[in-house]
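Coordinates from final.txt are shown below (compact mmCIF, C-alpha atoms and all ligand atoms).
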```txt
# COMPACT_ATOMS: atom_id res chain seq x y z
CA MET A 1 0.00 0.00 0.00
CA VAL A 2 2.78 2.41 0.93
CA ASN A 3 4.62 1.64 -2.30
CA GLU A 4 1.40 1.87 -4.28
CA ILE A 5 0.86 5.38 -2.95
CA MET A 6 4.44 6.37 -3.72
CA GLN A 7 4.15 5.18 -7.29
CA THR A 8 1.73 8.06 -7.74
CA THR A 9 4.15 10.61 -6.32
CA ARG A 10 4.98 13.50 -8.63
CA PRO A 11 8.30 13.21 -10.42
CA GLY A 12 11.13 15.57 -9.60
CA ALA A 13 9.81 16.42 -6.15
CA SER A 14 12.08 18.95 -4.54
CA THR A 15 12.46 20.35 -1.08
CA SER A 16 13.78 23.71 -0.03
CA SER A 17 15.10 25.13 3.17
CA THR A 18 13.67 28.66 3.02
CA ILE A 19 11.11 28.97 5.77
CA LYS A 20 7.95 30.98 5.09
CA SER A 21 6.26 30.41 8.42
CA VAL A 22 7.01 28.96 11.84
CA VAL A 23 4.26 27.60 14.07
CA ASN A 24 5.20 27.80 17.76
CA ASN A 25 3.19 26.03 20.49
CA LEU A 26 -0.07 26.64 18.66
CA THR A 27 -3.22 25.79 20.58
CA PHE A 28 -6.82 26.45 19.64
CA ARG A 29 -10.14 26.16 21.51
CA TYR A 30 -13.74 26.24 20.30
CA GLY A 31 -15.20 27.43 23.61
CA ASP A 32 -14.13 24.71 26.09
CA PHE A 33 -13.13 22.22 23.41
CA GLN A 34 -9.40 22.01 22.80
CA ALA A 35 -9.12 21.33 19.06
CA LEU A 36 -5.37 21.96 18.62
CA LYS A 37 -2.70 21.01 21.15
CA ASP A 38 0.77 22.51 21.19
CA ILE A 39 1.56 22.33 17.48
CA ASN A 40 5.10 23.13 16.34
CA MET A 41 5.88 23.07 12.64
CA VAL A 42 7.55 24.96 9.82
CA VAL A 43 6.11 25.84 6.42
CA HIS A 44 8.65 25.83 3.58
CA GLU A 45 8.46 28.66 1.08
CA LYS A 46 7.12 27.88 -2.42
CA GLN A 47 6.53 24.27 -1.51
CA VAL A 48 3.32 22.32 -1.01
CA THR A 49 2.62 21.08 2.51
CA ALA A 50 -0.21 18.56 2.96
CA LEU A 51 -2.16 18.16 6.21
CA ILE A 52 -3.50 14.61 6.58
CA GLY A 53 -5.16 12.61 9.34
CA PRO A 54 -8.48 10.99 10.27
CA SER A 55 -11.74 12.93 10.28
CA GLY A 56 -11.97 15.36 13.19
CA CYS A 57 -8.21 15.41 13.93
CA GLY A 58 -8.05 19.20 13.44
CA LYS A 59 -6.72 19.66 9.90
CA SER A 60 -9.24 22.33 8.87
CA THR A 61 -9.00 24.01 12.27
CA PHE A 62 -5.23 24.25 11.84
CA LEU A 63 -5.54 25.56 8.27
CA ARG A 64 -8.04 28.22 9.32
CA CYS A 65 -5.66 29.59 11.96
CA PHE A 66 -3.41 30.75 9.10
CA ASN A 67 -5.90 33.33 7.85
CA ARG A 68 -7.57 34.10 11.19
CA MET A 69 -10.88 32.63 10.03
CA HIS A 70 -11.71 31.69 13.60
CA ASP A 71 -11.87 35.37 14.58
CA LEU A 72 -15.37 35.44 13.11
CA TYR A 73 -16.70 33.71 16.29
CA PRO A 74 -16.16 35.23 19.73
CA ASP A 75 -15.76 31.97 21.73
CA ASN A 76 -12.73 30.83 19.74
CA HIS A 77 -9.30 31.19 21.35
CA TYR A 78 -5.81 30.93 19.90
CA GLY A 79 -2.64 30.32 21.89
CA GLY A 80 0.98 30.33 20.70
CA GLU A 81 2.23 31.90 17.50
CA ILE A 82 2.24 31.64 13.74
CA ILE A 83 5.24 33.67 12.61
CA LEU A 84 5.28 34.87 9.02
CA HIS A 85 8.63 35.53 7.35
CA PRO A 86 10.47 37.54 6.15
CA ASP A 87 8.93 40.22 8.39
CA ASN A 88 8.91 37.96 11.45
CA GLU A 89 5.34 38.90 12.36
CA ASN A 90 3.07 36.83 14.60
CA ILE A 91 -0.16 36.82 12.58
CA LEU A 92 -2.14 35.61 15.63
CA SER A 93 -1.25 38.72 17.61
CA PRO A 94 -4.34 40.75 18.60
CA ASN A 95 -2.47 43.78 17.22
CA VAL A 96 -2.54 42.31 13.71
CA ASP A 97 -5.67 43.07 11.66
CA PRO A 98 -7.28 39.79 10.45
CA ILE A 99 -8.42 41.49 7.22
CA GLU A 100 -4.80 42.31 6.44
CA VAL A 101 -3.82 38.68 7.19
CA ARG A 102 -6.51 37.46 4.74
CA MET A 103 -5.05 39.68 2.02
CA ARG A 104 -1.67 37.98 2.54
CA ILE A 105 -3.01 34.47 3.07
CA SER A 106 -5.92 33.42 0.84
CA MET A 107 -8.17 30.40 1.13
CA VAL A 108 -9.86 28.09 -1.36
CA PHE A 109 -12.68 26.01 0.07
CA GLN A 110 -14.01 22.49 -0.41
CA LYS A 111 -16.96 23.51 -2.58
CA PRO A 112 -16.48 26.15 -5.25
CA ASN A 113 -18.10 29.31 -3.85
CA PRO A 114 -18.11 32.02 -6.51
CA PHE A 115 -19.99 35.22 -5.73
CA PRO A 116 -23.25 35.90 -7.64
CA LYS A 117 -21.34 38.19 -9.97
CA SER A 118 -19.67 38.00 -13.37
CA ILE A 119 -16.47 36.01 -13.94
CA PHE A 120 -14.55 39.30 -14.17
CA GLU A 121 -16.03 40.77 -10.99
CA ASN A 122 -15.33 37.59 -9.00
CA VAL A 123 -11.62 37.95 -9.68
CA ALA A 124 -11.62 41.76 -9.38
CA TYR A 125 -13.37 41.61 -5.98
CA GLY A 126 -10.29 41.58 -3.71
CA LEU A 127 -8.56 44.16 -5.90
CA ARG A 128 -11.49 46.56 -5.55
CA ILE A 129 -11.42 46.03 -1.76
CA ARG A 130 -7.78 47.05 -1.91
CA GLY A 131 -8.83 50.30 -3.54
CA ILE A 132 -7.76 49.53 -7.12
CA LYS A 133 -10.21 51.40 -9.36
CA ARG A 134 -8.46 51.98 -12.67
CA ARG A 135 -10.00 49.73 -15.32
CA SER A 136 -6.73 49.00 -17.15
CA ILE A 137 -5.02 47.79 -13.93
CA LEU A 138 -8.04 45.68 -12.98
CA GLU A 139 -8.13 44.12 -16.45
CA GLU A 140 -4.43 43.29 -16.36
CA LYS A 141 -4.56 41.75 -12.89
CA VAL A 142 -7.75 39.79 -13.61
CA GLU A 143 -6.20 38.36 -16.79
CA ASN A 144 -3.00 37.41 -14.94
CA ALA A 145 -4.91 35.69 -12.16
CA LEU A 146 -7.09 33.79 -14.66
CA ARG A 147 -3.98 32.73 -16.60
CA ASN A 148 -2.29 31.57 -13.40
CA ALA A 149 -5.41 29.57 -12.55
CA ALA A 150 -5.33 27.95 -16.04
CA LEU A 151 -8.78 29.36 -16.84
CA TRP A 152 -8.08 32.32 -19.15
CA GLU A 153 -8.39 30.48 -22.47
CA GLU A 154 -11.76 29.05 -21.45
CA VAL A 155 -13.32 32.31 -20.27
CA LYS A 156 -11.59 35.18 -22.09
CA ASP A 157 -14.58 35.68 -24.43
CA ARG A 158 -17.22 35.50 -21.69
CA LEU A 159 -15.83 37.55 -18.81
CA ASN A 160 -19.21 39.21 -18.24
CA ASP A 161 -21.09 35.91 -17.90
CA LEU A 162 -22.37 34.96 -14.48
CA ALA A 163 -19.80 32.78 -12.66
CA PHE A 164 -22.51 30.20 -11.87
CA ASN A 165 -22.66 29.34 -15.60
CA LEU A 166 -19.22 27.70 -15.36
CA SER A 167 -18.75 23.97 -14.66
CA GLY A 168 -17.81 22.86 -11.12
CA GLY A 169 -14.13 22.47 -12.04
CA GLN A 170 -14.10 25.85 -13.79
CA GLN A 171 -15.79 27.47 -10.77
CA GLN A 172 -13.09 26.04 -8.51
CA ARG A 173 -10.35 27.42 -10.81
CA LEU A 174 -12.21 30.76 -10.73
CA CYS A 175 -12.07 30.68 -6.92
CA ILE A 176 -8.33 29.98 -7.20
CA ALA A 177 -7.99 32.97 -9.57
CA ARG A 178 -9.93 35.11 -7.08
CA ALA A 179 -7.57 33.98 -4.31
CA LEU A 180 -4.50 34.67 -6.48
CA ALA A 181 -5.56 38.12 -7.67
CA THR A 182 -4.25 39.93 -4.59
CA ASP A 183 -0.82 38.20 -4.85
CA PRO A 184 -1.04 36.24 -1.60
CA GLU A 185 2.08 34.89 0.09
CA ILE A 186 0.36 31.67 1.16
CA LEU A 187 -2.56 29.88 -0.46
CA LEU A 188 -4.67 27.60 1.75
CA PHE A 189 -6.65 24.77 0.16
CA ASP A 190 -9.28 22.94 2.24
CA GLU A 191 -10.02 19.69 0.38
CA PRO A 192 -10.27 21.60 -2.91
CA THR A 193 -11.19 18.60 -5.07
CA SER A 194 -13.61 16.68 -2.89
CA ALA A 195 -16.63 18.05 -4.81
CA LEU A 196 -15.07 17.48 -8.26
CA ASP A 197 -14.95 14.60 -10.78
CA PRO A 198 -11.62 12.85 -11.56
CA ILE A 199 -10.85 15.00 -14.63
CA ALA A 200 -11.48 18.30 -12.84
CA THR A 201 -9.51 16.92 -9.88
CA ALA A 202 -6.52 16.14 -12.10
CA SER A 203 -6.55 19.67 -13.53
CA ILE A 204 -6.63 21.24 -10.05
CA GLU A 205 -3.76 18.98 -8.92
CA GLU A 206 -1.74 19.99 -11.97
CA LEU A 207 -2.50 23.62 -11.20
CA ILE A 208 -1.35 23.26 -7.58
CA THR A 209 1.94 21.80 -8.80
CA ASP A 210 2.40 24.77 -11.20
CA LEU A 211 1.40 27.35 -8.60
CA LYS A 212 4.08 26.41 -6.12
CA ASN A 213 6.58 28.29 -8.30
CA LYS A 214 4.73 31.44 -7.28
CA VAL A 215 3.23 30.88 -3.85
CA THR A 216 3.56 28.78 -0.70
CA ILE A 217 0.75 26.23 -0.44
CA LEU A 218 -0.92 24.40 2.46
CA ILE A 219 -3.51 21.78 1.55
CA VAL A 220 -5.88 19.68 3.64
CA THR A 221 -6.74 16.43 1.91
CA HIS A 222 -8.43 13.16 2.79
CA ASN A 223 -6.93 11.57 -0.26
CA MET A 224 -3.51 10.12 0.48
CA GLN A 225 -2.68 9.55 -3.17
CA GLN A 226 -3.37 13.24 -3.69
CA ALA A 227 -1.08 14.19 -0.78
CA ALA A 228 1.64 11.95 -2.25
CA ARG A 229 1.15 13.40 -5.74
CA VAL A 230 1.08 17.11 -4.98
CA SER A 231 2.96 17.75 -1.75
CA ASP A 232 6.63 18.17 -0.86
CA TYR A 233 6.04 18.02 2.90
CA THR A 234 3.34 16.21 4.86
CA ALA A 235 2.01 16.67 8.38
CA TYR A 236 0.10 13.81 10.00
CA MET A 237 -2.34 14.92 12.71
CA TYR A 238 -4.34 12.95 15.25
CA MET A 239 -6.75 14.28 17.87
CA GLY A 240 -5.51 17.85 17.67
CA GLU A 241 -1.83 16.93 17.81
CA LEU A 242 0.84 16.99 15.16
CA ILE A 243 2.15 13.43 15.26
CA GLU A 244 4.74 13.62 12.49
CA PHE A 245 5.96 16.17 10.00
CA ASP A 246 8.53 15.44 7.30
CA VAL A 247 9.34 15.36 3.63
CA THR A 248 6.40 13.66 1.90
CA ASP A 249 8.52 10.75 0.60
CA THR A 250 9.66 9.99 4.15
CA ILE A 251 6.13 10.11 5.56
CA PHE A 252 4.85 7.72 2.89
CA ILE A 253 7.85 5.37 2.56
CA LYS A 254 9.48 5.31 5.98
CA PRO A 255 7.47 7.17 8.63
CA LYS A 256 9.21 7.35 11.99
CA ASN A 257 6.04 7.11 14.05
CA LYS A 258 4.00 3.90 14.31
CA GLN A 259 0.73 5.87 14.37
CA THR A 260 1.63 7.55 11.06
CA GLU A 261 2.54 4.19 9.53
CA ASP A 262 -0.76 2.63 10.65
CA TYR A 263 -2.70 5.50 9.10
CA ILE A 264 -0.73 5.53 5.85
CA THR A 265 -1.05 1.78 5.41
CA GLY A 266 -4.78 1.89 6.10
CA ARG A 267 -4.54 -0.13 9.32
CA PHE A 268 -6.15 2.77 11.11
CA GLY A 269 -8.65 5.48 10.17
N1 LIG B 301 -17.24 25.39 15.19
C1 LIG B 301 -16.90 24.37 15.97
N2 LIG B 301 -17.30 24.34 17.27
C2 LIG B 301 -16.93 23.32 18.08
N3 LIG B 301 -16.14 22.28 17.71
C3 LIG B 301 -15.72 22.28 16.44
C4 LIG B 301 -16.08 23.31 15.50
N4 LIG B 301 -15.50 23.02 14.32
C5 LIG B 301 -14.84 21.86 14.49
N5 LIG B 301 -14.96 21.41 15.76
C6 LIG B 301 -14.35 20.20 16.33
O1 LIG B 301 -12.93 20.34 16.27
C7 LIG B 301 -12.34 19.10 15.94
C8 LIG B 301 -11.49 19.29 14.70
O2 LIG B 301 -12.34 19.57 13.60
P1 LIG B 301 -11.77 19.84 12.14
O3 LIG B 301 -12.92 20.20 11.26
O4 LIG B 301 -10.64 20.77 12.24
O5 LIG B 301 -11.20 18.39 11.75
P2 LIG B 301 -10.72 17.83 10.36
O6 LIG B 301 -9.51 17.01 10.65
O7 LIG B 301 -10.59 18.91 9.38
O8 LIG B 301 -11.94 16.88 10.00
P3 LIG B 301 -12.54 16.44 8.59
O9 LIG B 301 -11.45 15.68 7.92
O10 LIG B 301 -13.69 15.56 8.96
O11 LIG B 301 -12.95 17.68 7.86
C9 LIG B 301 -13.46 18.11 15.75
O12 LIG B 301 -13.61 17.37 16.96
C10 LIG B 301 -14.67 18.97 15.51
O13 LIG B 301 -15.86 18.35 15.96
```
Since I need it in another form, could you write the structure as structure tokens?
Amino acid sequence: MVNEIMQTTRPGASTSSTIKSVVNNLTFRYGDFQALKDINMVVHEKQVTALIGPSGCGKSTFLRCFNRMHDLYPDNHYGGEIILHPDNENILSPNVDPIEVRMRISMVFQKPNPFPKSIFENVAYGLRIRGIKRRSILEEKVENALRNAALWEEVKDRLNDLAFNLSGGQQQRLCIARALATDPEILLFDEPTSALDPIATASIEELITDLKNKVTILIVTHNMQQAARVSDYTAYMYMGELIEFDVTDTIFIKPKNKQTEDYITGRFG
């Protein structure tokens, strides 16, 4: 099983040592419920890091800490730090504006969630929030984002169509373009292909592999073949704890922890 998964691993996987973010003693509570326990990890710049683990282990909770999504509910509490480099800023600090964090760290969700607007306006949305008004700049940035999301050729003649007229896979690439438009430093993906068919899934996976030249990526996935195919680093979580973090090949071929091995080989979870 382990070898079967590794046969699907992307060729030419590389690892780098530039650190984009450092997670120090991160804890998180939903009210009284402790969902994350003392997590320490690094995120490598312009690499893909996959978060895996059984349902309810805290993958999405962890991902959402990176763009301060949990701030939307008053009973949620963070502890510890997520330091963003190169400016060495703790993005969990109460002094840091969550809106500013979301400009720097964008998120793509499980189900495509375009706004009830045109294709153009979906991608221009974050740019307009940033105060960009000039049409020529908006057009250039929207085109760039759509090209980077591998959608431009399919939509360039119908930019004023409603986004809902696109297929599910196209809508998800539109959401990726929307997330890319503001030039984020980190892109968060929360099970981005779970609502898509195998062909649309393959195109999103290919896109993720291309995008890592431009942006640091964190992805939550239930699909271990997908983690093996797209990621350079993998974190295995269980019950709110980070059990093992390493280069993806090591996690899938020779994990150090027995719990990781049991999960990877399907003996558990
Ligand atoms: N809003 C919430 N309020 C209270 N508890 C929550 C809330 N959201 C999630 N939890 C709990 O936190 C724990 C972690 O949930 P989370 O969604 O992060 O897990 P996950 O690993 O992403 O799961 P899955 O793979 O099923 O999506 C679970 O026990 C879950 O029930």
Can you build me a table of chain A residues sitting at most 9 Å from ligand LIG 301 (chain B), with the closest atom pair per residue and its distance in Å to one decimal, using only C-alpha atoms and all ligand atoms, sorted by chain and residue number, as a Markdown table?
```
| residue | atom | partner | partner_atom | distance |
| --- | --- | --- | --- | --- |
| A:Arg29 | CA | B:LIG301 | N3 | 8.1 |
| A:Tyr30 | CA | B:LIG301 | C2 | 4.9 |
| A:Gly31 | CA | B:LIG301 | C2 | 7.1 |
| A:Asp32 | CA | B:LIG301 | C2 | 8.6 |
| A:Phe33 | CA | B:LIG301 | N3 | 6.4 |
| A:Gln34 | CA | B:LIG301 | O1 | 7.6 |
| A:Ala35 | CA | B:LIG301 | O1 | 4.8 |
| A:Leu36 | CA | B:LIG301 | C8 | 7.7 |
| A:Leu51 | CA | B:LIG301 | O6 | 8.7 |
| A:Ile52 | CA | B:LIG301 | O6 | 7.6 |
| A:Gly53 | CA | B:LIG301 | O6 | 6.3 |
| A:Pro54 | CA | B:LIG301 | O9 | 6.0 |
| A:Ser55 | CA | B:LIG301 | O10 | 3.5 |
| A:Gly56 | CA | B:LIG301 | O5 | 3.4 |
| A:Cys57 | CA | B:LIG301 | O6 | 3.9 |
| A:Gly58 | CA | B:LIG301 | O4 | 3.3 |
| A:Lys59 | CA | B:LIG301 | O6 | 3.9 |
| A:Ser60 | CA | B:LIG301 | O7 | 3.7 |
| A:Thr61 | CA | B:LIG301 | O4 | 3.6 |
| A:Phe62 | CA | B:LIG301 | O4 | 6.4 |
| A:Leu63 | CA | B:LIG301 | O4 | 8.0 |
| A:Arg64 | CA | B:LIG301 | O4 | 8.4 |
| A:His70 | CA | B:LIG301 | N1 | 8.5 |
| A:Tyr73 | CA | B:LIG301 | N1 | 8.4 |
| A:Asp75 | CA | B:LIG301 | N2 | 9.0 |
| A:Asn76 | CA | B:LIG301 | N2 | 8.3 |
| A:Asp190 | CA | B:LIG301 | O7 | 8.3 |
| A:Glu191 | CA | B:LIG301 | O11 | 8.3 |
| A:Val220 | CA | B:LIG301 | O7 | 7.5 |
| A:Thr221 | CA | B:LIG301 | O9 | 7.7 |
| A:His222 | CA | B:LIG301 | O9 | 6.5 |
| A:Met237 | CA | B:LIG301 | O6 | 7.7 |
| A:Tyr238 | CA | B:LIG301 | O6 | 8.0 |
| A:Met239 | CA | B:LIG301 | O12 | 7.6 |
| A:Gly240 | CA | B:LIG301 | C8 | 6.8 |
```
Determine, counting all atoms listed in the file, which protein, DNA and RNA residues have an atom within 6 Å of an atom of stretch 245-261 of chain A; residues of the same chain fewer than 3 positions away are not included. Present the result as a short mmCIF file (atom, residue, chain, number, x, y, z; two decimals) with C-alpha atoms, keeping the file's coordinate frame.
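Contents of the output file part38.cif:
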```cif
data_model
loop_
_atom_site.label_atom_id
_atom_site.label_comp_id
_atom_site.auth_asym_id
_atom_site.auth_seq_id
_atom_site.Cartn_x
_atom_site.Cartn_y
_atom_site.Cartn_z
CA ASP A 232 6.63 18.17 -0.86
CA TYR A 233 6.04 18.02 2.90
CA THR A 234 3.34 16.21 4.86
CA ALA A 235 2.01 16.67 8.38
CA ILE A 264 -0.73 5.53 5.85
CA THR A 265 -1.05 1.78 5.41
#
```
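Polymer residues near (-6.8, 40.4, 6.6): counting only C-alpha atoms with a cut-off of 12 Å, they are Phe66, Asn67, Arg68, Met69, Asp71, Leu72, Ile91, Leu92, Asn95, Val96, Asp97, Pro98, Ile99, Glu100, Val101, Arg102, Met103, Arg104, Ile105, Ser106, Met107, Gly126, Ile129, Arg130, Thr182 and Pro184 of chain A.
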Just give me the gap between atom CA of A:Val48 and atom CA of A:Thr27 in Å, one decimal is fine. 22.8 Å
Separation of atom CA of A:Asp157 and atom CA of A:Ile132, in Å? 23.2 Å
Between atom CA of A:Ile186 and atom CA of A:Asn165, what is the distance in Å, rounded to a tenth?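 Taking atom CA of A:Ile186 as the start and atom CA of A:Asn165 as the end point, the length is 28.6 Å.
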Which residue is closest to A:Asn144? Choose from A:Asp161, A:Glu89, A:Asp183, A:Glu206 and count only C-alpha atoms. A:Asp183
